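Here is model10.cif, consisting of mmCIF, C-alpha atoms:
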data_query
#
loop_
_atom_site.label_atom_id
_atom_site.label_comp_id
_atom_site.auth_asym_id
_atom_site.auth_seq_id
_atom_site.Cartn_x
_atom_site.Cartn_y
_atom_site.Cartn_z
CA MET W 158 58.82 31.48 -118.53
CA LYS W 159 59.58 34.76 -116.76
CA PRO W 160 56.68 36.91 -115.54
CA ALA W 161 55.91 39.92 -117.74
CA LEU W 162 56.84 43.23 -116.09
CA LEU W 163 56.01 46.74 -117.26
CA ILE W 164 58.40 49.47 -116.11
CA THR W 165 56.73 52.83 -116.72
CA ARG W 166 59.89 55.02 -116.79
CA ARG W 167 63.52 54.30 -117.56
CA LEU W 168 65.43 53.40 -114.37
CA PRO W 169 69.20 53.32 -113.70
CA ASP W 170 71.10 50.64 -115.62
CA GLU W 171 71.78 48.49 -112.55
CA VAL W 172 68.05 48.38 -111.79
CA MET W 173 67.13 47.53 -115.36
CA GLU W 174 69.64 44.69 -115.35
CA ALA W 175 68.27 43.32 -112.07
CA ALA W 176 64.72 43.48 -113.41
CA GLU W 177 65.64 41.83 -116.70
CA ALA W 178 67.34 38.97 -114.86
CA ALA W 179 64.06 37.98 -113.20
CA PHE W 180 61.35 39.25 -115.56
CA GLU W 181 60.39 39.67 -119.17
CA VAL W 182 60.63 43.45 -119.13
CA THR W 183 58.74 45.94 -121.24
CA LEU W 184 60.15 49.44 -120.77
CA ARG W 185 57.96 52.43 -121.47
CA ASP W 186 60.76 54.89 -122.20
CA GLU W 187 58.84 58.13 -121.65
CA THR W 188 58.69 60.71 -118.85
CA ALA W 189 54.96 61.49 -119.00
CA PRO W 190 52.69 59.49 -116.68
CA LEU W 191 50.62 56.62 -118.03
CA ASP W 192 47.44 57.85 -119.70
CA ALA W 193 44.01 56.34 -119.02
CA GLU W 194 44.28 53.64 -121.69
CA GLU W 195 47.84 52.73 -120.68
CA LEU W 196 46.81 52.36 -117.03
CA ARG W 197 44.14 49.84 -117.94
CA ASP W 198 46.40 48.00 -120.38
CA ALA W 199 49.06 47.75 -117.68
CA LEU W 200 46.68 45.87 -115.40
CA ARG W 201 45.36 43.65 -118.20
CA ASP W 202 48.54 42.79 -120.11
CA PHE W 203 51.29 42.33 -117.52
CA ASP W 204 51.92 40.11 -114.51
CA ALA W 205 53.51 43.02 -112.64
CA VAL W 206 53.92 46.77 -112.98
CA LEU W 207 56.67 49.00 -111.64
CA PRO W 208 54.99 52.43 -111.68
CA THR W 209 56.02 55.73 -110.18
CA LEU W 210 54.81 59.25 -109.44
CA GLY W 211 51.95 60.37 -111.68
CA ASP W 212 50.79 56.90 -112.75
CA ARG W 213 47.30 57.27 -111.30
CA PHE W 214 45.98 53.82 -110.53
CA ASP W 215 42.80 55.14 -108.96
CA ALA W 216 39.55 53.36 -108.11
CA ALA W 217 38.13 54.01 -111.58
CA VAL W 218 40.99 52.12 -113.22
CA PHE W 219 40.37 49.07 -111.04
CA ALA W 220 36.64 49.35 -111.66
CA ASP W 221 37.31 49.07 -115.39
CA VAL W 222 39.67 46.11 -114.87
CA PRO W 223 37.97 44.15 -112.06
CA GLN W 224 40.05 41.00 -112.63
CA PRO W 225 43.54 42.27 -113.45
CA ARG W 226 46.32 40.03 -114.67
CA ALA W 227 48.80 42.16 -112.71
CA ARG W 228 49.51 40.76 -109.26
CA ILE W 229 51.58 43.66 -107.93
CA LEU W 230 52.20 47.39 -108.35
CA ALA W 231 55.75 47.79 -107.05
CA ASN W 232 55.85 51.56 -106.74
CA PHE W 233 59.15 53.35 -107.34
CA GLY W 234 59.05 55.85 -104.47
CA VAL W 235 57.96 56.01 -100.87
CA GLY W 236 54.84 58.06 -101.62
CA TYR W 237 52.02 56.11 -103.21
CA ASN W 238 49.07 58.52 -103.08
CA HIS W 239 48.75 58.11 -106.87
CA ILE W 240 47.65 54.50 -106.22
CA ASP W 241 44.34 53.63 -104.58
CA ALA W 242 45.73 50.93 -102.30
CA GLU W 243 42.29 49.88 -101.06
CA ALA W 244 40.96 49.41 -104.58
CA ALA W 245 44.10 47.47 -105.46
CA ARG W 246 43.65 45.13 -102.49
CA ALA W 247 40.02 44.56 -103.38
CA ALA W 248 41.17 43.53 -106.87
CA GLY W 249 43.79 41.19 -105.43
CA VAL W 250 46.74 43.39 -106.37
CA VAL W 251 49.61 43.90 -103.92
CA VAL W 252 51.02 47.43 -103.60
CA SER W 253 54.56 48.05 -102.36
CA ASN W 254 56.82 51.08 -102.02
CA THR W 255 60.47 51.98 -101.35
CA PRO W 256 60.80 53.53 -97.88
CA GLY W 257 64.16 54.22 -96.26
CA ALA W 258 66.08 54.62 -99.50
CA VAL W 259 64.64 58.11 -100.03
CA THR W 260 65.05 59.52 -96.52
CA ASP W 261 68.43 61.20 -96.53
CA ALA W 262 68.26 62.49 -100.09
CA THR W 263 64.88 64.12 -99.48
CA ALA W 264 66.06 65.64 -96.20
CA ASP W 265 69.10 67.03 -98.03
CA ILE W 266 66.81 68.77 -100.53
CA ALA W 267 64.87 70.32 -97.65
CA LEU W 268 68.10 71.85 -96.33
CA THR W 269 69.04 72.92 -99.85
CA LEU W 270 65.76 74.82 -100.15
CA ILE W 271 66.12 76.37 -96.69
CA LEU W 272 69.59 77.68 -97.51
CA MET W 273 68.85 78.74 -101.08
CA THR W 274 65.73 80.65 -100.09
CA ALA W 275 67.12 82.21 -96.94
CA ARG W 276 70.33 83.34 -98.62
CA ARG W 277 68.64 84.31 -101.91
CA ALA W 278 70.92 81.97 -103.87
CA GLY W 279 68.62 81.53 -106.86
CA GLU W 280 68.01 85.26 -107.11
CA GLY W 281 71.72 85.95 -106.82
CA GLU W 282 72.62 83.47 -109.55
CA ARG W 283 70.01 84.96 -111.88
CA LEU W 284 71.47 88.42 -111.18
CA LEU W 285 74.98 87.29 -112.01
CA ARG W 286 74.06 85.27 -115.11
CA ALA W 287 72.10 88.24 -116.47
CA GLY W 288 75.23 90.40 -116.24
CA ARG W 289 73.65 92.72 -113.69
CA TRP W 290 76.08 92.14 -110.80
CA GLN W 291 78.02 95.34 -110.18
CA GLY W 292 80.34 93.96 -107.49
CA TRP W 293 80.25 93.25 -103.77
CA GLY W 294 78.55 95.67 -101.39
CA PRO W 295 77.79 95.52 -97.65
CA VAL W 296 74.04 95.73 -98.09
CA GLN W 297 73.71 93.79 -101.33
CA MET W 298 71.49 90.68 -101.48
CA LEU W 299 70.90 90.56 -97.74
CA GLY W 300 69.07 87.40 -96.78
CA ALA W 301 68.13 85.59 -93.58
CA HIS W 302 70.58 83.89 -91.23
CA VAL W 303 69.79 80.20 -90.72
CA THR W 304 72.02 79.17 -87.83
CA GLY W 305 70.31 79.30 -84.45
CA LYS W 306 66.82 79.93 -85.81
CA THR W 307 63.68 77.87 -85.17
CA VAL W 308 62.44 75.27 -87.64
CA GLY W 309 58.87 73.97 -87.56
CA ILE W 310 58.55 70.54 -89.14
CA ILE W 311 55.10 69.38 -90.22
CA GLY W 312 55.17 65.57 -90.17
CA MET W 313 57.80 63.78 -88.08
CA GLY W 314 58.24 60.50 -89.91
CA ARG W 315 61.56 59.20 -91.24
CA ILE W 316 62.14 62.24 -93.42
CA GLY W 317 60.97 64.75 -90.81
CA LYS W 318 63.38 63.24 -88.27
CA ALA W 319 66.23 63.36 -90.78
CA ILE W 320 65.48 67.05 -91.41
CA ALA W 321 65.38 67.67 -87.65
CA ARG W 322 68.82 66.07 -87.20
CA ARG W 323 70.33 68.21 -89.93
CA CYS W 324 68.78 71.40 -88.61
CA HIS W 325 69.69 70.77 -84.96
CA PHE W 326 73.16 69.26 -85.25
CA GLY W 327 74.24 71.09 -88.39
CA PHE W 328 72.83 74.56 -87.79
CA GLY W 329 72.07 74.67 -84.06
CA MET W 330 68.39 75.25 -84.79
CA THR W 331 65.58 74.90 -82.27
CA VAL W 332 63.17 72.22 -83.47
CA VAL W 333 59.41 72.29 -83.00
CA PHE W 334 57.15 69.90 -84.84
CA HIS W 335 53.56 69.00 -85.53
CA ASN W 336 52.58 65.37 -85.96
CA ARG W 337 49.22 63.61 -85.99
CA SER W 338 50.35 61.16 -83.26
CA ALA W 339 52.31 61.92 -80.11
CA LEU W 340 56.05 61.19 -80.29
CA ALA W 341 58.22 60.95 -77.20
CA ASP W 342 61.64 60.90 -78.89
CA VAL W 343 62.52 62.14 -82.36
CA GLY W 344 66.28 61.84 -82.02
CA VAL W 345 66.99 65.50 -81.20
CA PRO W 346 65.73 67.91 -78.55
CA ALA W 347 62.36 68.95 -79.97
CA THR W 348 58.94 70.14 -78.84
CA GLN W 349 55.70 68.80 -80.26
CA VAL W 350 53.22 71.62 -80.83
CA GLY W 351 49.97 72.39 -82.60
CA LEU W 352 49.95 73.12 -86.32
CA ALA W 353 49.57 76.89 -85.90
CA GLN W 354 52.52 77.07 -83.52
CA ALA W 355 54.70 75.04 -85.88
CA MET W 356 53.73 77.38 -88.72
CA ALA W 357 54.97 80.32 -86.63
CA ALA W 358 58.60 79.13 -86.74
CA ASP W 359 61.29 80.98 -88.67
CA PHE W 360 61.41 78.16 -91.20
CA VAL W 361 58.49 75.80 -91.85
CA VAL W 362 59.14 72.47 -93.60
CA VAL W 363 56.31 70.20 -94.71
CA ALA W 364 57.22 66.50 -94.68
CA VAL W 365 53.90 64.65 -94.46
CA PRO W 366 52.83 61.83 -96.81
CA GLY W 367 50.41 62.64 -99.60
CA GLY W 368 46.86 61.36 -99.79
CA ALA W 369 43.30 62.31 -98.93
CA ALA W 370 44.11 62.86 -95.24
CA THR W 371 46.68 65.57 -96.02
CA HIS W 372 45.16 67.17 -99.13
CA HIS W 373 45.39 70.98 -98.66
CA LEU W 374 46.61 70.49 -95.10
CA ILE W 375 48.33 73.85 -95.52
CA GLY W 376 46.01 76.60 -96.72
CA ILE W 377 45.26 80.26 -96.20
CA ASN W 378 44.60 79.91 -92.45
CA GLU W 379 47.89 78.09 -91.89
CA PHE W 380 49.85 80.66 -93.91
CA ALA W 381 48.21 83.38 -91.79
CA ALA W 382 49.91 81.84 -88.73
CA MET W 383 53.37 82.39 -90.22
CA GLN W 384 55.66 85.28 -89.35
CA SER W 385 56.17 87.98 -91.96
CA SER W 386 59.86 86.92 -91.93
CA GLY W 387 58.97 83.23 -92.20
CA ILE W 388 60.12 80.97 -95.01
CA PHE W 389 57.98 78.06 -96.18
CA ILE W 390 59.46 74.83 -97.59
CA ASN W 391 57.60 71.91 -99.18
CA ILE W 392 59.33 68.61 -100.01
CA SER W 393 56.31 66.34 -99.39
CA ARG W 394 53.63 66.26 -102.09
CA GLY W 395 52.35 69.23 -104.04
CA ASP W 396 48.69 68.84 -103.17
CA VAL W 397 49.42 68.95 -99.44
CA VAL W 398 49.55 72.70 -100.02
CA ASP W 399 46.77 74.87 -101.44
CA GLU W 400 48.96 76.37 -104.15
CA GLY W 401 46.57 79.26 -104.79
CA ALA W 402 46.72 80.21 -101.12
CA LEU W 403 50.52 80.08 -101.18
CA VAL W 404 50.68 82.33 -104.25
CA ALA W 405 48.27 84.84 -102.66
CA THR W 406 50.29 84.86 -99.43
CA LEU W 407 53.55 85.48 -101.27
CA GLN W 408 52.10 88.13 -103.57
CA ALA W 409 50.72 90.00 -100.56
CA GLY W 410 54.17 89.94 -98.92
CA LEU W 411 52.81 88.17 -95.84
CA ILE W 412 55.81 85.81 -95.64
CA ALA W 413 59.42 86.30 -96.70
CA GLY W 414 59.70 83.47 -99.19
CA ALA W 415 59.21 79.85 -100.14
CA GLY W 416 61.24 76.92 -101.41
CA LEU W 417 59.42 74.21 -103.36
CA ASP W 418 60.42 70.87 -104.84
CA VAL W 419 56.85 69.70 -105.49
CA TYR W 420 53.76 71.29 -107.01
CA GLU W 421 50.04 70.73 -106.81
CA PHE W 422 49.61 70.08 -110.54
CA GLU W 423 53.17 69.18 -111.55
CA PRO W 424 54.78 69.40 -113.97
CA LYS W 425 52.68 72.54 -114.34
CA VAL W 426 54.00 75.38 -112.18
CA PRO W 427 51.93 78.56 -111.90
CA ALA W 428 53.34 81.52 -113.80
CA ALA W 429 52.70 83.59 -110.68
CA LEU W 430 55.16 81.44 -108.71
CA ILE W 431 57.77 81.58 -111.45
CA ALA W 432 57.50 85.38 -111.48
CA LEU W 433 58.37 85.72 -107.79
CA GLU W 434 62.04 86.34 -107.02
CA ASN W 435 61.72 85.23 -103.39
CA VAL W 436 60.70 81.67 -104.32
CA THR W 437 63.16 78.84 -104.98
CA LEU W 438 61.73 76.35 -107.47
CA LEU W 439 63.28 72.91 -108.06
CA PRO W 440 62.00 70.29 -110.54
CA HIS W 441 61.20 67.53 -108.01
CA LEU W 442 64.85 66.73 -107.27
CA GLY W 443 64.16 65.09 -103.89
CA THR W 444 65.76 61.73 -104.66
CA ALA W 445 67.70 62.72 -107.78
CA ALA W 446 71.05 61.11 -106.98
CA LEU W 447 72.20 58.03 -108.88
CA GLU W 448 72.92 55.91 -105.83
CA VAL W 449 69.58 56.83 -104.29
CA ARG W 450 67.53 56.12 -107.41
CA THR W 451 69.44 52.86 -107.84
CA ALA W 452 68.68 51.83 -104.25
CA MET W 453 65.01 52.69 -104.77
CA GLY W 454 64.83 50.67 -107.95
CA LEU W 455 66.57 47.65 -106.45
CA MET W 456 64.13 47.77 -103.51
CA ALA W 457 61.20 47.80 -105.94
CA VAL W 458 62.67 44.84 -107.83
CA ALA W 459 63.19 42.99 -104.53
CA ASN W 460 59.49 43.49 -103.77
CA LEU W 461 58.60 42.05 -107.17
CA VAL W 462 60.92 39.07 -106.85
CA ALA W 463 59.61 38.25 -103.37
CA LEU W 464 56.02 38.07 -104.57
CA PHE W 465 56.79 35.77 -107.49
CA ASP W 466 58.99 33.61 -105.27
CA GLY W 467 56.06 33.15 -102.92
CA ALA W 468 57.75 35.09 -100.13
CA GLU W 469 56.46 37.97 -98.05
CA VAL W 470 56.76 41.26 -99.95
CA PRO W 471 59.18 43.32 -97.80
CA ASN W 472 57.57 46.71 -98.35
CA ARG W 473 53.91 45.88 -98.82
CA VAL W 474 51.71 48.89 -97.97
#

Translate the structure described by the file into structure tokens.
Amino acid sequence: MKPALLITRRLPDEVMEAAEAAFEVTLRDETAPLDAEELRDALRDFDAVLPTLGDRFDAAVFADVPQPRARILANFGVGYNHIDAEAARAAGVVVSNTPGAVTDATADIALTLILMTARRAGEGERLLRAGRWQGWGPVQMLGAHVTGKTVGIIGMGRIGKAIARRCHFGFGMTVVFHNRSALADVGVPATQVGLAQAMAADFVVVAVPGGAATHHLIGINEFAAMQSSGIFINISRGDVVDEGALVATLQAGLIAGAGLDVYEFEPKVPAALIALENVTLLPHLGTAALEVRTAMGLMAVANLVALFDGAEVPNRV
């Protein structure tokens, strides 16, 4: 008999087919995260769970289900700060993720946000769609030039390095970066600096993993280190940034703009952010390409299959 697998969101067809070939699949065909009762039922009623962003398997959930039936949480996504990995291990539950598959797509979104915010693309589209565009003019919708500027990357892991390559080779940008450990070679000419110095770049991109160690890493003091012409980009996790501090900084005109793909309390986005014309807001599109989401899902399924085959789980965290 096939192991029972709960998939908490609908995944691409190819992934669903791969999962159904190896497991007795129950699909929860909703977009909202698992609620408290569903989290506990997932651990009690299934041999395996394929969760994703927002499914908060925290220590309290494991405390309520101290002997779970589930043997693995095969997370769909590289970030797993919604899962208490230590509590899972203590309960005998393996946690895995999907690194690598997300790198290029997420880096592409970082560049999308840099360009959209610098060149006021969202604002310009809203102007045109509202019927308020009166025609081309030499001083209309002037934004910031990107080529040749300095980018400060906070977090130089796989995604940070991919962003650095795009910025350096694609736009001739000078790269500075802040990272918690020293790095000798990041694949492009780059200078490792302190956090304040990285924040002082023309464009600042946050690419650190989520979790307790990076919660509110960027707050009012870090925003104070930015240039008044600086543009802030976040493609990491929403709670890495003190959203209230970001709103206050933007409302005071202390930086030129921001581009965000993630939010501290998503899917809730502050009305104050939505009201600002100099902010580009995307609905967490980081990996939203069919081939990328398929690759992520197949990696998660491969982690599941490995465990039930008695093999080493490739992407155990």

When you count only C-alpha atoms, which of these residues is closest to W:Asp192: W:Asp418, W:Phe214, W:Ala178, W:Ile311?
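Under the stated criterion, the closest residue is W:Phe214.
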
Write out as a list of chain:residue names the residues lying within 9 Å of W:Gln354, counting all atoms listed in the file and excluding same-chain residues fewer than 2 positions away.
W:Gly309, W:Val333, W:Phe334, W:His335, W:Val350, W:Gly351, W:Leu352, W:Met356, W:Ala357, W:Ala358, W:Ala382, W:Met383

Output file for the residues above (C-alpha atoms, as a compact mmCIF listing (two decimals), in the frame of the given file):
# COMPACT_ATOMS: atom_id res chain seq x y z
CA GLY W 309 58.87 73.97 -87.56
CA VAL W 333 59.41 72.29 -83.00
CA PHE W 334 57.15 69.90 -84.84
CA HIS W 335 53.56 69.00 -85.53
CA VAL W 350 53.22 71.62 -80.83
CA GLY W 351 49.97 72.39 -82.60
CA LEU W 352 49.95 73.12 -86.32
CA MET W 356 53.73 77.38 -88.72
CA ALA W 357 54.97 80.32 -86.63
CA ALA W 358 58.60 79.13 -86.74
CA ALA W 382 49.91 81.84 -88.73
CA MET W 383 53.37 82.39 -90.22

For W:Ser393, work out the shell of residues within 9 Å, counting only C-alpha atoms and skipping chain neighbours fewer than 6 positions away, then give it as a VMD selection string.
chain W and resid 236 263 362 to 367 418 to 419

Residues near W:Ile240, cut-off 7 Å, all atoms listed in the file, skip fewer than 3 positions along chain, as number ranges by chain:
W: 213-215, 237

Using only C-alpha atoms, which residues of stretch 264-285 of chain W come within 9 Å of stretch 315-326 of chain W, and what is the closest atom pair for each, with the distance in Å to one decimal? Give it as a tab-separated table, sorted by chain and residue number.
residue	atom	partner	partner_atom	distance
W:Ala264	CA	W:Ile320	CA	5.0
W:Asp265	CA	W:Ile320	CA	7.5
W:Ala267	CA	W:Ile320	CA	7.1
W:Leu268	CA	W:Ile320	CA	7.4

Which value, in Å to one decimal, gives the distance between atom CA of W:Thr304 and atom CA of W:Ala262?
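Computing the Euclidean distance for atom CA of W:Thr304 and atom CA of W:Ala262 yields 21.0 Å.
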
On this file, the PyMOL selection byres ((chain W and resi 449) around 12) gives some set of residues; write that set as an mmCIF file with C-alpha atoms, in the frame of the given file.
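New file result.cif:
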data_model
loop_
_atom_site.group_PDB
_atom_site.id
_atom_site.type_symbol
_atom_site.label_atom_id
_atom_site.label_comp_id
_atom_site.auth_asym_id
_atom_site.auth_seq_id
_atom_site.Cartn_x
_atom_site.Cartn_y
_atom_site.Cartn_z
ATOM 1 C CA LEU W 168 65.430 53.400 -114.370
ATOM 2 C CA PRO W 169 69.200 53.320 -113.700
ATOM 3 C CA GLU W 171 71.780 48.490 -112.550
ATOM 4 C CA VAL W 172 68.050 48.380 -111.790
ATOM 5 C CA PHE W 233 59.150 53.350 -107.340
ATOM 6 C CA GLY W 234 59.050 55.850 -104.470
ATOM 7 C CA THR W 255 60.470 51.980 -101.350
ATOM 8 C CA PRO W 256 60.800 53.530 -97.880
ATOM 9 C CA GLY W 257 64.160 54.220 -96.260
ATOM 10 C CA ALA W 258 66.080 54.620 -99.500
ATOM 11 C CA VAL W 259 64.640 58.110 -100.030
ATOM 12 C CA THR W 260 65.050 59.520 -96.520
ATOM 13 C CA ASP W 261 68.430 61.200 -96.530
ATOM 14 C CA ALA W 262 68.260 62.490 -100.090
ATOM 15 C CA THR W 263 64.880 64.120 -99.480
ATOM 16 C CA ASP W 265 69.100 67.030 -98.030
ATOM 17 C CA LEU W 442 64.850 66.730 -107.270
ATOM 18 C CA GLY W 443 64.160 65.090 -103.890
ATOM 19 C CA THR W 444 65.760 61.730 -104.660
ATOM 20 C CA ALA W 445 67.700 62.720 -107.780
ATOM 21 C CA ALA W 446 71.050 61.110 -106.980
ATOM 22 C CA LEU W 447 72.200 58.030 -108.880
ATOM 23 C CA GLU W 448 72.920 55.910 -105.830
ATOM 24 C CA ARG W 450 67.530 56.120 -107.410
ATOM 25 C CA THR W 451 69.440 52.860 -107.840
ATOM 26 C CA ALA W 452 68.680 51.830 -104.250
ATOM 27 C CA MET W 453 65.010 52.690 -104.770
ATOM 28 C CA GLY W 454 64.830 50.670 -107.950
ATOM 29 C CA LEU W 455 66.570 47.650 -106.450
ATOM 30 C CA MET W 456 64.130 47.770 -103.510
#

Nearest to W:Gly314: which of W:Leu340, W:Val332, W:Ala275, W:Val182 is it, counting all atoms listed in the file?
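Closest candidate: W:Leu340.
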
Atom pair atom CA of W:Leu184 + atom CA of W:Arg166, distance 6.9 Å

Just checking: using only C-alpha atoms, which residue out of W:Glu181, W:Asp198, W:Glu434, W:Asp186 ends up closest to W:Thr165?
W:Asp186

Atom pair atom CA of W:Gly211 / atom CA of W:Asp241: separation (Å)
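Interatomic distance, atom CA of W:Gly211 to atom CA of W:Asp241: 12.4 Å.
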
Selection under test: the PyMOL selection byres ((chain W and resi 227) around 8); residues as a list of chain:residue names
W:Ala199, W:Leu200, W:Arg201, W:Asp202, W:Phe203, W:Asp204, W:Ala205, W:Val206, W:Pro225, W:Arg226, W:Arg228, W:Ile229, W:Leu230, W:Val250

Please expand the PyMOL selection byres ((chain W and resi 374-381) around 10) into the concrete residues it hits in this file, giving the result as a compact mmCIF listing (two decimals) with C-alpha atoms, keeping the file's coordinate frame.
# COMPACT_ATOMS: atom_id res chain seq x y z
CA ILE W 311 55.10 69.38 -90.22
CA LEU W 352 49.95 73.12 -86.32
CA ALA W 353 49.57 76.89 -85.90
CA GLN W 354 52.52 77.07 -83.52
CA ALA W 355 54.70 75.04 -85.88
CA MET W 356 53.73 77.38 -88.72
CA ALA W 357 54.97 80.32 -86.63
CA VAL W 363 56.31 70.20 -94.71
CA VAL W 365 53.90 64.65 -94.46
CA GLY W 367 50.41 62.64 -99.60
CA ALA W 369 43.30 62.31 -98.93
CA ALA W 370 44.11 62.86 -95.24
CA THR W 371 46.68 65.57 -96.02
CA HIS W 372 45.16 67.17 -99.13
CA HIS W 373 45.39 70.98 -98.66
CA ALA W 382 49.91 81.84 -88.73
CA MET W 383 53.37 82.39 -90.22
CA GLN W 384 55.66 85.28 -89.35
CA SER W 385 56.17 87.98 -91.96
CA GLY W 387 58.97 83.23 -92.20
CA PHE W 389 57.98 78.06 -96.18
CA ASP W 396 48.69 68.84 -103.17
CA VAL W 397 49.42 68.95 -99.44
CA VAL W 398 49.55 72.70 -100.02
CA ASP W 399 46.77 74.87 -101.44
CA GLU W 400 48.96 76.37 -104.15
CA GLY W 401 46.57 79.26 -104.79
CA ALA W 402 46.72 80.21 -101.12
CA LEU W 403 50.52 80.08 -101.18
CA VAL W 404 50.68 82.33 -104.25
CA ALA W 405 48.27 84.84 -102.66
CA THR W 406 50.29 84.86 -99.43
CA LEU W 407 53.55 85.48 -101.27
CA LEU W 411 52.81 88.17 -95.84
CA ILE W 412 55.81 85.81 -95.64
